[in-house]
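File shown: structure.cif. Contents: mmCIF, C-alpha atoms.
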data_coords
loop_
_atom_site.label_atom_id
_atom_site.label_comp_id
_atom_site.auth_asym_id
_atom_site.auth_seq_id
_atom_site.Cartn_x
_atom_site.Cartn_y
_atom_site.Cartn_z
CA MET K 1 119.82 170.30 -58.75
CA LEU K 2 120.05 166.50 -58.40
CA GLY K 3 122.32 166.14 -55.37
CA LYS K 4 119.88 163.90 -53.49
CA LEU K 5 119.53 161.65 -56.54
CA ALA K 6 123.33 161.42 -56.80
CA ARG K 7 123.54 160.39 -53.15
CA GLU K 8 120.84 157.75 -53.57
CA LEU K 9 122.58 156.31 -56.63
CA ARG K 10 125.84 156.10 -54.67
CA ILE K 11 124.00 154.36 -51.83
CA LEU K 12 122.84 151.82 -54.39
CA GLY K 13 126.43 151.32 -55.55
CA PHE K 14 126.45 153.22 -58.84
CA ASP K 15 129.43 155.27 -60.01
CA THR K 16 127.90 158.73 -59.71
CA GLU K 17 129.72 162.02 -60.08
CA TYR K 18 127.87 165.09 -58.86
CA LEU K 19 128.84 168.35 -60.49
CA ALA K 20 127.35 171.33 -58.75
CA TYR K 21 127.48 174.31 -61.09
CA ASP K 22 129.64 176.24 -58.63
CA LYS K 23 132.36 173.57 -59.04
CA LEU K 24 132.46 173.91 -62.80
CA THR K 25 134.92 176.19 -64.50
CA ASN K 26 132.32 176.91 -67.17
CA LYS K 27 129.38 177.60 -64.85
CA THR K 28 126.69 176.59 -67.30
CA PRO K 29 124.72 173.41 -67.87
CA PHE K 30 126.75 172.98 -71.05
CA GLY K 31 129.94 172.84 -68.95
CA ALA K 32 128.48 169.82 -67.14
CA LEU K 33 127.56 168.27 -70.48
CA LYS K 34 131.12 168.73 -71.77
CA ILE K 35 132.54 167.01 -68.67
CA ALA K 36 130.07 164.13 -69.07
CA GLN K 37 131.06 163.74 -72.72
CA ASN K 38 134.79 163.82 -71.90
CA GLU K 39 134.34 161.17 -69.19
CA ASN K 40 131.96 159.06 -71.29
CA ARG K 41 129.15 159.50 -68.76
CA ILE K 42 125.45 160.07 -69.08
CA LEU K 43 124.38 163.42 -67.71
CA LEU K 44 121.25 163.26 -65.58
CA THR K 45 119.56 166.64 -65.46
CA ARG K 46 116.32 168.51 -64.91
CA ASN K 47 117.58 171.40 -67.04
CA LYS K 48 115.22 171.78 -69.99
CA LYS K 49 117.92 173.47 -72.09
CA LEU K 50 119.80 170.14 -72.20
CA LYS K 51 116.75 167.89 -72.52
CA ASN K 52 117.39 166.84 -76.13
CA SER K 53 121.19 166.80 -76.06
CA PRO K 54 123.11 163.59 -76.75
CA GLN K 55 124.34 161.77 -73.64
CA VAL K 56 121.65 163.45 -71.54
CA PHE K 57 118.87 161.74 -69.63
CA PHE K 58 116.15 164.13 -68.52
CA ILE K 59 114.77 163.55 -65.02
CA GLU K 60 111.04 164.21 -64.99
CA SER K 61 110.14 164.32 -61.30
CA GLU K 62 111.21 166.59 -58.45
CA ILE K 63 110.66 163.70 -55.99
CA VAL K 64 113.84 161.76 -55.25
CA GLN K 65 112.17 158.35 -54.96
CA GLU K 66 110.53 158.82 -58.35
CA GLN K 67 113.84 160.00 -59.83
CA VAL K 68 115.62 156.85 -58.63
CA ILE K 69 112.88 154.63 -60.00
CA GLN K 70 113.03 156.46 -63.35
CA VAL K 71 116.82 155.94 -63.61
CA LEU K 72 116.75 152.30 -62.46
CA THR K 73 113.92 151.47 -64.84
CA HIS K 74 115.21 153.34 -67.90
CA PHE K 75 118.73 151.93 -67.66
CA LYS K 76 117.57 148.50 -66.38
CA LEU K 77 119.87 148.72 -63.35
CA HIS K 78 117.87 146.77 -60.76
CA LYS K 79 120.16 143.74 -60.99
CA ASP K 80 123.32 145.88 -60.74
CA ILE K 81 122.57 147.29 -57.27
CA LYS K 82 125.39 146.81 -54.75
CA LEU K 83 124.03 148.49 -51.65
CA GLY K 84 126.67 150.29 -49.58
CA SER K 85 129.60 149.62 -51.90
CA ARG K 86 130.54 153.27 -52.61
CA CYS K 87 131.58 156.19 -50.48
CA LEU K 88 128.74 158.66 -50.14
CA ILE K 89 131.18 161.55 -50.01
CA CYS K 90 133.68 160.91 -52.81
CA ASN K 91 132.14 158.04 -54.86
CA SER K 92 135.13 155.68 -54.38
CA LEU K 93 134.61 151.96 -53.92
CA LEU K 94 134.64 150.85 -50.28
CA ASN K 95 136.88 148.07 -48.97
CA PRO K 96 136.40 145.81 -45.95
CA ILE K 97 138.59 146.77 -43.00
CA PRO K 98 139.36 144.60 -39.96
CA LYS K 99 137.49 145.61 -36.83
CA GLU K 100 140.69 145.96 -34.82
CA THR K 101 141.94 148.74 -37.09
CA VAL K 102 138.91 150.99 -36.47
CA LYS K 103 139.25 151.02 -32.68
CA GLY K 104 139.42 154.63 -31.55
CA ARG K 105 138.33 155.81 -34.99
CA VAL K 106 134.62 155.08 -34.51
CA PRO K 107 132.43 155.77 -31.49
CA TYR K 108 132.95 153.29 -28.63
CA TYR K 109 129.36 152.00 -28.80
CA ILE K 110 129.70 151.36 -32.54
CA TYR K 111 132.95 149.50 -32.01
CA LYS K 112 131.33 147.29 -29.36
CA THR K 113 128.12 146.57 -31.29
CA GLN K 114 129.35 146.22 -34.88
CA ASN K 115 131.62 143.55 -36.32
CA GLU K 116 131.94 144.55 -39.97
CA PHE K 117 133.32 147.80 -41.28
CA VAL K 118 134.19 149.20 -44.70
CA PHE K 119 136.61 151.98 -45.46
CA CYS K 120 137.13 154.63 -48.11
CA ALA K 121 140.84 154.89 -48.85
CA ARG K 122 140.35 158.20 -50.63
CA CYS K 123 138.55 160.24 -47.98
CA GLN K 124 139.30 158.01 -44.96
CA LYS K 125 135.62 157.58 -44.01
CA ILE K 126 134.60 154.42 -42.16
CA TYR K 127 131.14 152.91 -42.65
CA TRP K 128 129.20 150.19 -40.82
CA ALA K 129 125.73 148.67 -41.10
CA GLY K 130 123.93 150.72 -38.45
CA SER K 131 120.35 151.95 -38.45
CA HIS K 132 121.08 154.01 -41.58
CA TYR K 133 121.80 150.76 -43.42
CA LEU K 134 118.36 149.41 -42.48
CA ASP K 135 116.89 152.65 -43.83
CA MET K 136 118.78 152.06 -47.08
CA GLN K 137 117.42 148.52 -47.32
CA ASN K 138 113.87 149.79 -46.79
CA ARG K 139 114.31 152.44 -49.51
CA LEU K 140 115.71 149.79 -51.82
CA LYS K 141 112.51 147.76 -51.44
CA LYS K 142 110.50 150.82 -52.52
CA TYR K 143 112.73 151.39 -55.54
CA CYS K 144 112.51 147.82 -56.70
CA LEU K 145 108.76 147.38 -56.40
CA PRO K 146 106.98 147.33 -59.74
CA LYS K 147 104.71 150.32 -60.33
#
Full structure transcribed into structure tokens:
Amino acid sequence: MLGKLARELRILGFDTEYLAYDKLTNKTPFGALKIAQNENRILLTRNKKLKNSPQVFFIESEIVQEQVIQVLTHFKLHKDIKLGSRCLICNSLLNPIPKETVKGRVPYYIYKTQNEFVFCARCQKIYWAGSHYLDMQNRLKKYCLPK
């Protein structure tokens, strides 16, 4: 339901677990709530059944940009943004990796044109500041503009 929001929050550097209902053993919204409570997390949801539950923050909009702004504003997270610091796949923190070690593991053009790389030790993904990073920076400007 909020997979795009989860991805955007990871892009911004926030520890964000995404629990699709099909990955839950108890395939109900309350299963997600129980996991959030056990992990001391806040559950972001659009599910009206959970709207007034403790540890739940109800997302009003269906538009991702508005969702991000709602979360950043409500939790006052604008100053905590660390763009590109988390793996978009598994949520782990990324670590710098020397350029020499990515040779043959990234496309040749990327290796020749980029000097800085970060690496996810958990899922082995390598990231660099390509055109997607510029897109992230542009989205960040939209998120941080006052309404």
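Taking atom CA of K:Leu19 as the reference point, atom CA of K:Val64 is found at 17.2 Å.
Residues matched by the PyMOL selection byres ((chain K and resi 125) around 10) in this structure: K:Cys87, K:Leu88, K:Ile89, K:Cys90, K:Leu94, K:Arg105, K:Val106, K:Val118, K:Phe119, K:Cys120, K:Ala121, K:Arg122, K:Cys123, K:Gln124, K:Ile126, K:Tyr127.
Residues lying at most 8 Å from (127.2, 167.0, -55.7) in file coordinates, with all atoms listed in the file considered, are Leu2, Gly3, Ala6, Arg7, Glu17, Tyr18, Leu19 and Ala20 of chain K.
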Rank K:Glu39, K:Ala129, K:Met1, K:Asp135 by their smallest atom-to-atom distance to K:Ile59, using only C-alpha atoms, and report the top residue only. K:Met1
For this file, the PyMOL selection byres ((chain K and resi 77-80) around 10) selects which residues, as a list in words? Leu12, Gly13, Phe14, Ile69, Val71, Leu72, Thr73, His74, Phe75, Lys76, Ile81, Lys82, Leu83, Leu140, Tyr143 and Cys144 of chain K
